[in-house]
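Notes follow the structure.
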Amino acid sequence: MNKQDICVAIPVYKTDMNALEIQSVKQCLNVLADYPICFVVPKGLNLEFYKRHFKSVTEYICFDNHYFSSLEGYTSLLLSPSFYEKFEAYKYLLLHQTDCFVFRDDLLHWAKKGYDYIGGLVFEGFHGNPEQDAKLWCAGNGGLSLRCVYSFKKQLISNKKLKNNKQLKAEKEALGVFTGLSKLKLNLLFLLKRMGYKNSIAFYAKTFNNNEDVFFIKLCLDYKVMTMPEPEEALFFSWDRRPDFLFNTYKELPFACHAWYRNDPPYENNKDFWQQIIK
């Protein structure tokens, strides 16, 4: 594998950027200049600003506008096999949102580890507080994340049954309580699910109602059809939440970070910390 096997994709949806976004993207273009880099944009977006400020980027990959109109739309884009089909020429895709900052070129090192998915560090309970004993849980935040193109597309078109009989039984019991369906209808529905009806990875991807990175975390940790490193191995890939705690604990910066200029929940105080380092 070499650097030309990894594409850096930067999703944008506005006709321009603020100063901090410009700083983030220029840093990405400088540090990762040896890799193919593209913007992911809605069809019809006026690209004049991007072509003027980021002349080294010549590839723009377009998708329908509704994918960029809301968080739900963006989630559905990243859970669609058609998104990854656009990157089939590459082995890996680095998804780099405009609130990320790359410190050094470790990208090929991380890709060579061979995992399907590596994201930013997540504490127990997603927003858990490490100072209240929340432990590192996984490396799954999707804001800056490395994705194996083949594996992502393969899973999103897969008809493989996702939930086993034990999981379906628990779901059946919960559904009976909340919907009031008759026992006969419930039994019939879950008999069909055991046979694969509305129980494939592709079906759940199309109907998933949470952030897209949660879906891929589940595929890695709960269903084990994809691979990701243990958080201890991914310590220095990307930080999202509580970079102050992580830096004070490990005394080293990661390859990159996400949400560096944000102070909104759950990224309280990120900006205050990172602006001491990112000038």
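Labels for the structure tokens follow display order: chains A, B, ..., residues from 1 in each chain, ligands from 1.
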
What's the 12 Å shell around range 181-194 of chain A, counting only C-alpha atoms, without same-chain residues fewer than 5 positions away, as a ChimeraX atom specification?
/A:160-176,199-200,203

List as a ChimeraX atom specification the protein and nucleic acid residues near Ser151 in chain A, meaning an atom at most 12 Å away when only C-alpha atoms are counted, but skip any in the same chain fewer than 6 places from it.
/A:81,84-85,87-88,90-93,114-117,157-158,216,219-220,225-228

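DSSP, applied to the backbone of this structure, assigns strand (DSSP E) to the following residues of range 110-204 of chain A: A:Tyr117, A:Ile118, A:Gly119, A:Gly120, A:Leu121, A:Val122, A:Phe123, A:Leu136, A:Trp137, A:Cys138, A:Ala139, A:Gly140, A:Asn141, A:Gly142, A:Gly143, A:Leu144, A:Ser145, A:Leu146, A:Arg147, A:Cys148.
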
Taking 4 positions as the minimum chain separation for residues in the same chain, which residues sit within 12 Å of Phe236 in chain A when counting only C-alpha atoms? Answer as a PDB file with N, CA and C atoms, in the first residue's frame.
ATOM      1  N   VAL A 102      -5.014  18.343  11.394  1.00  0.00           N
ATOM      2  CA  VAL A 102      -4.008  17.291  11.258  1.00  0.00           C
ATOM      3  C   VAL A 102      -2.657  17.831  11.721  1.00  0.00           C
ATOM      4  N   PHE A 103      -2.003  17.122  12.626  1.00  0.00           N
ATOM      5  CA  PHE A 103      -0.732  17.579  13.172  1.00  0.00           C
ATOM      6  C   PHE A 103       0.478  17.039  12.420  1.00  0.00           C
ATOM      7  N   ARG A 104       0.387  15.817  11.926  1.00  0.00           N
ATOM      8  CA  ARG A 104       1.534  15.219  11.240  1.00  0.00           C
ATOM      9  C   ARG A 104       1.031  14.132  10.299  1.00  0.00           C
ATOM     10  N   ASP A 106       0.789  10.780   9.682  1.00  0.00           N
ATOM     11  CA  ASP A 106       0.841   9.381  10.119  1.00  0.00           C
ATOM     12  C   ASP A 106      -0.188   8.529   9.364  1.00  0.00           C
ATOM     13  N   LEU A 107      -0.778   9.075   8.329  1.00  0.00           N
ATOM     14  CA  LEU A 107      -1.942   8.425   7.718  1.00  0.00           C
ATOM     15  C   LEU A 107      -1.618   7.045   7.153  1.00  0.00           C
ATOM     16  N   HIS A 109       0.705   5.038   8.020  1.00  0.00           N
ATOM     17  CA  HIS A 109       0.956   4.158   9.173  1.00  0.00           C
ATOM     18  C   HIS A 109      -0.348   3.555   9.685  1.00  0.00           C
ATOM     19  N   TRP A 110      -1.381   4.384   9.819  1.00  0.00           N
ATOM     20  CA  TRP A 110      -2.652   3.877  10.344  1.00  0.00           C
ATOM     21  C   TRP A 110      -3.349   2.974   9.330  1.00  0.00           C
ATOM     22  N   ILE A 118     -11.223   3.136  11.806  1.00  0.00           N
ATOM     23  CA  ILE A 118     -10.563   3.768  12.949  1.00  0.00           C
ATOM     24  C   ILE A 118     -11.118   5.187  13.062  1.00  0.00           C
ATOM     25  N   GLY A 119     -11.681   5.513  14.216  1.00  0.00           N
ATOM     26  CA  GLY A 119     -12.193   6.856  14.448  1.00  0.00           C
ATOM     27  C   GLY A 119     -11.573   7.458  15.694  1.00  0.00           C
ATOM     28  N   GLY A 120     -12.140   8.580  16.109  1.00  0.00           N
ATOM     29  CA  GLY A 120     -11.642   9.262  17.296  1.00  0.00           C
ATOM     30  C   GLY A 120     -12.017   8.535  18.570  1.00  0.00           C
ATOM     31  N   LEU A 121     -11.275   8.794  19.628  1.00  0.00           N
ATOM     32  CA  LEU A 121     -11.486   8.114  20.909  1.00  0.00           C
ATOM     33  C   LEU A 121     -12.840   8.486  21.519  1.00  0.00           C
ATOM     34  N   ALA A 139     -12.527   3.415  19.508  1.00  0.00           N
ATOM     35  CA  ALA A 139     -12.000   4.428  18.585  1.00  0.00           C
ATOM     36  C   ALA A 139     -12.983   4.555  17.434  1.00  0.00           C
ATOM     37  N   PRO A 229      -9.459  -1.087  15.948  1.00  0.00           N
ATOM     38  CA  PRO A 229      -8.471  -1.350  16.996  1.00  0.00           C
ATOM     39  C   PRO A 229      -9.042  -1.085  18.382  1.00  0.00           C
ATOM     40  N   GLU A 230      -8.438  -1.686  19.373  1.00  0.00           N
ATOM     41  CA  GLU A 230      -8.758  -1.337  20.746  1.00  0.00           C
ATOM     42  C   GLU A 230      -8.361   0.129  20.978  1.00  0.00           C
ATOM     43  N   PRO A 231      -9.057   0.821  21.866  1.00  0.00           N
ATOM     44  CA  PRO A 231      -8.729   2.242  22.061  1.00  0.00           C
ATOM     45  C   PRO A 231      -7.283   2.478  22.481  1.00  0.00           C
ATOM     46  N   GLU A 232      -6.693   1.537  23.203  1.00  0.00           N
ATOM     47  CA  GLU A 232      -5.302   1.703  23.620  1.00  0.00           C
ATOM     48  C   GLU A 232      -4.361   1.720  22.407  1.00  0.00           C
ATOM     49  N   ASP A 240     -11.332  13.660  20.104  1.00  0.00           N
ATOM     50  CA  ASP A 240     -12.542  14.454  19.889  1.00  0.00           C
ATOM     51  C   ASP A 240     -12.947  15.195  21.155  1.00  0.00           C
ATOM     52  N   PRO A 243      -9.688  16.618  25.116  1.00  0.00           N
ATOM     53  CA  PRO A 243      -8.268  16.576  24.748  1.00  0.00           C
ATOM     54  C   PRO A 243      -7.368  17.032  25.886  1.00  0.00           C
ATOM     55  N   LEU A 246      -6.664  13.925  27.887  1.00  0.00           N
ATOM     56  CA  LEU A 246      -5.824  12.994  27.142  1.00  0.00           C
ATOM     57  C   LEU A 246      -4.386  13.498  27.051  1.00  0.00           C
ATOM     58  N   PHE A 247      -4.209  14.789  26.798  1.00  0.00           N
ATOM     59  CA  PHE A 247      -2.859  15.325  26.686  1.00  0.00           C
ATOM     60  C   PHE A 247      -2.133  15.293  28.036  1.00  0.00           C
ATOM     61  N   TYR A 250      -1.256  11.480  28.568  1.00  0.00           N
ATOM     62  CA  TYR A 250      -0.348  10.751  27.671  1.00  0.00           C
ATOM     63  C   TYR A 250       0.813  11.592  27.139  1.00  0.00           C
ATOM     64  N   LYS A 251       0.769  12.928  27.332  1.00  0.00           N
ATOM     65  CA  LYS A 251       1.915  13.813  27.051  1.00  0.00           C
ATOM     66  C   LYS A 251       2.358  13.800  25.587  1.00  0.00           C
ATOM     67  N   GLU A 252       1.439  13.519  24.676  1.00  0.00           N
ATOM     68  CA  GLU A 252       1.788  13.484  23.260  1.00  0.00           C
ATOM     69  C   GLU A 252       0.556  13.839  22.439  1.00  0.00           C
ATOM     70  N   LEU A 253       0.755  14.546  21.341  1.00  0.00           N
ATOM     71  CA  LEU A 253      -0.361  14.887  20.464  1.00  0.00           C
ATOM     72  C   LEU A 253      -0.682  13.719  19.537  1.00  0.00           C
ATOM     73  N   PRO A 254      -1.950  13.606  19.116  1.00  0.00           N
ATOM     74  CA  PRO A 254      -2.317  12.555  18.170  1.00  0.00           C
ATOM     75  C   PRO A 254      -1.991  12.955  16.735  1.00  0.00           C
ATOM     76  N   PHE A 255      -2.222  12.042  15.822  1.00  0.00           N
ATOM     77  CA  PHE A 255      -2.128  12.325  14.389  1.00  0.00           C
ATOM     78  C   PHE A 255      -3.015  13.509  14.019  1.00  0.00           C
ATOM     79  N   ALA A 256      -4.231  13.559  14.585  1.00  0.00           N
ATOM     80  CA  ALA A 256      -5.179  14.624  14.250  1.00  0.00           C
ATOM     81  C   ALA A 256      -6.198  14.761  15.375  1.00  0.00           C
ATOM     82  N   CYS A 257      -7.010  15.802  15.276  1.00  0.00           N
ATOM     83  CA  CYS A 257      -8.107  15.971  16.229  1.00  0.00           C
ATOM     84  C   CYS A 257      -9.348  16.441  15.485  1.00  0.00           C
TER      85      CYS A 257
END

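Minimum atom-to-atom distance to Arg242 in chain A, evaluated using only C-alpha atoms, belongs to A:Leu136 out of A:Lys279, A:Leu136, A:Gly142, A:Cys148.
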
Can you list, as a ChimeraX atom specification, every protein, DNA or RNA residue that comes within 9 Å of Phe63 in chain A when you count only C-alpha atoms, leaving out same-chain residues fewer than 4 positions away?
/A:40-43,67-68,77,83

Got a sec: who's within 12 Å of Ala19 in chain A, counting only C-alpha atoms, leaving out chain neighbours fewer than 2 positions off, as number ranges by chain?
A: 16-17, 21-26, 53, 98-99, 261

Could you go through range 39-255 of chain A and tell me which residues DSSP, when run on the backbone, assigns to alpha helix (DSSP H), listing them as a PyMOL selection string?
chain A and resi 48-53+71-78+81-85+107-111+149-156+165-179+183-194+201-207+212-221+243-250

With C-alpha atoms retained, export the selected residues as a CSV table (one decimal), in the first residue's frame.
chain,number,residue,atom,x,y,z
A,48,GLU,CA,-15.9,29.7,-6.7
A,49,PHE,CA,-14.8,30.1,-3.1
A,50,TYR,CA,-13.2,26.7,-2.9
A,51,LYS,CA,-11.4,27.0,-6.2
A,52,ARG,CA,-10.0,30.4,-5.2
A,53,HIS,CA,-8.8,29.4,-1.7
A,71,LEU,CA,-27.6,15.8,10.1
A,72,GLU,CA,-30.1,13.1,9.1
A,73,GLY,CA,-29.3,13.6,5.5
A,74,TYR,CA,-25.6,13.5,6.1
A,75,THR,CA,-26.0,10.3,8.1
A,76,SER,CA,-27.9,8.6,5.3
A,77,LEU,CA,-25.2,9.6,2.8
A,78,LEU,CA,-22.5,7.9,4.9
A,81,PRO,CA,-23.2,2.2,-0.5
A,82,SER,CA,-23.3,4.7,-3.3
A,83,PHE,CA,-21.1,7.0,-1.2
A,84,TYR,CA,-18.3,4.4,-1.0
A,85,GLU,CA,-18.7,3.5,-4.7
A,107,LEU,CA,-1.9,8.4,7.7
A,108,LEU,CA,-0.2,5.6,5.8
A,109,HIS,CA,1.0,4.2,9.2
A,110,TRP,CA,-2.7,3.9,10.3
A,111,ALA,CA,-3.9,2.5,7.0
A,149,VAL,CA,-13.7,1.4,1.2
A,150,TYR,CA,-14.2,-2.3,0.2
A,151,SER,CA,-15.4,-3.3,3.7
A,152,PHE,CA,-17.8,-0.4,4.1
A,153,LYS,CA,-19.4,-1.0,0.7
A,154,LYS,CA,-19.6,-4.7,1.3
A,155,GLN,CA,-21.4,-4.4,4.6
A,156,LEU,CA,-23.8,-1.7,3.4
A,165,ASN,CA,-32.2,-15.5,17.8
A,166,LYS,CA,-31.2,-14.2,21.3
A,167,GLN,CA,-31.2,-10.6,20.1
A,168,LEU,CA,-34.4,-11.1,18.2
A,169,LYS,CA,-36.1,-12.6,21.2
A,170,ALA,CA,-35.2,-9.5,23.3
A,171,GLU,CA,-36.4,-7.2,20.5
A,172,LYS,CA,-39.6,-9.1,20.3
A,173,GLU,CA,-40.3,-8.8,24.0
A,174,ALA,CA,-39.6,-5.1,23.9
A,175,LEU,CA,-41.8,-4.6,20.8
A,176,GLY,CA,-44.7,-6.4,22.4
A,177,VAL,CA,-44.6,-4.1,25.4
A,178,PHE,CA,-44.4,-0.8,23.4
A,179,THR,CA,-46.7,-1.6,20.5
A,183,LYS,CA,-48.9,-12.5,20.2
A,184,LEU,CA,-49.8,-14.1,16.8
A,185,LYS,CA,-48.6,-11.1,14.8
A,186,LEU,CA,-45.4,-10.8,16.9
A,187,ASN,CA,-44.6,-14.5,16.4
A,188,LEU,CA,-45.2,-14.2,12.6
A,189,LEU,CA,-43.0,-11.1,12.3
A,190,PHE,CA,-40.1,-12.5,14.2
A,191,LEU,CA,-40.3,-15.8,12.4
A,192,LEU,CA,-39.8,-13.8,9.2
A,193,LYS,CA,-37.0,-11.9,10.8
A,194,ARG,CA,-35.2,-15.1,11.8
A,201,ILE,CA,-27.2,-5.3,7.5
A,202,ALA,CA,-28.3,-3.4,4.4
A,203,PHE,CA,-31.9,-3.0,5.9
A,204,TYR,CA,-30.7,-1.7,9.2
A,205,ALA,CA,-28.3,0.8,7.5
A,206,LYS,CA,-31.3,2.2,5.5
A,207,THR,CA,-33.4,2.6,8.6
A,212,GLU,CA,-23.7,7.0,11.2
A,213,ASP,CA,-20.6,6.4,13.3
A,214,VAL,CA,-22.8,4.6,15.9
A,215,PHE,CA,-23.9,2.2,13.3
A,216,PHE,CA,-20.3,1.3,12.4
A,217,ILE,CA,-19.3,1.0,16.0
A,218,LYS,CA,-22.1,-1.5,16.4
A,219,LEU,CA,-20.9,-3.5,13.4
A,220,CYS,CA,-17.4,-3.6,14.9
A,221,LEU,CA,-18.2,-4.2,18.6
A,243,PRO,CA,-8.3,16.6,24.7
A,244,ASP,CA,-7.1,18.3,27.9
A,245,PHE,CA,-7.4,15.1,29.9
A,246,LEU,CA,-5.8,13.0,27.1
A,247,PHE,CA,-2.9,15.3,26.7
A,248,ASN,CA,-2.2,15.6,30.4
A,249,THR,CA,-2.4,11.8,30.7
A,250,TYR,CA,-0.3,10.8,27.7

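For the choices A:Leu79, A:Cys62, A:Met1, A:Leu47, the atom-to-atom distance to Thr15 in chain A is smallest for A:Leu47 when using only C-alpha atoms.
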
Kindly assemble as a tab-separated table a list of the range 91-147 of chain A residues that lie within 10 Å of range 263-271 of chain A, each paired with its nearest atom pair and their distance in Å to one decimal, using only C-alpha atoms, sorted first by chain and then by ascending residue number.
residue	atom	partner	partner_atom	distance
A:Phe126	CA	A:Pro266	CA	9.2
A:His127	CA	A:Pro266	CA	6.4
A:Gly128	CA	A:Pro266	CA	9.5

Produce a file of the selected residues containing N, CA and C atoms, as an mmCIF file, in the first residue's frame.
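To be explicit, this is the file written out as selection-v9.cif:
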data_model
loop_
_atom_site.group_PDB
_atom_site.id
_atom_site.type_symbol
_atom_site.label_atom_id
_atom_site.label_comp_id
_atom_site.auth_asym_id
_atom_site.auth_seq_id
_atom_site.Cartn_x
_atom_site.Cartn_y
_atom_site.Cartn_z
ATOM 1 N N PHE A 126 -20.459 7.345 25.550
ATOM 2 C CA PHE A 126 -20.277 8.338 24.499
ATOM 3 C C PHE A 126 -19.783 9.670 25.045
ATOM 4 N N HIS A 127 -20.457 10.246 26.015
ATOM 5 C CA HIS A 127 -20.087 11.550 26.559
ATOM 6 C C HIS A 127 -19.603 11.430 27.994
ATOM 7 N N GLY A 128 -19.138 10.251 28.360
ATOM 8 C CA GLY A 128 -18.711 10.013 29.730
ATOM 9 C C GLY A 128 -17.543 10.900 30.134
#

Using only C-alpha atoms, the shortest atom-to-atom distance to Ile6 in chain A among A:Arg147, A:Lys198, A:Pro130, A:Phe101 belongs to A:Arg147

What's the separation between CA of Gly140 in chain A and CA of Gln27 in chain A, in Å to one decimal place?
22.9 Å

Interatomic distance, CA of Ser145 in chain A to CA of Ile10 in chain A (Å, one decimal):
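So the answer is 11.3 Å.
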
Distance in Å - CA of Ala33 in chain A versus CA of Arg241 in chain A
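That distance, rounded to one decimal, is 26.8 Å.
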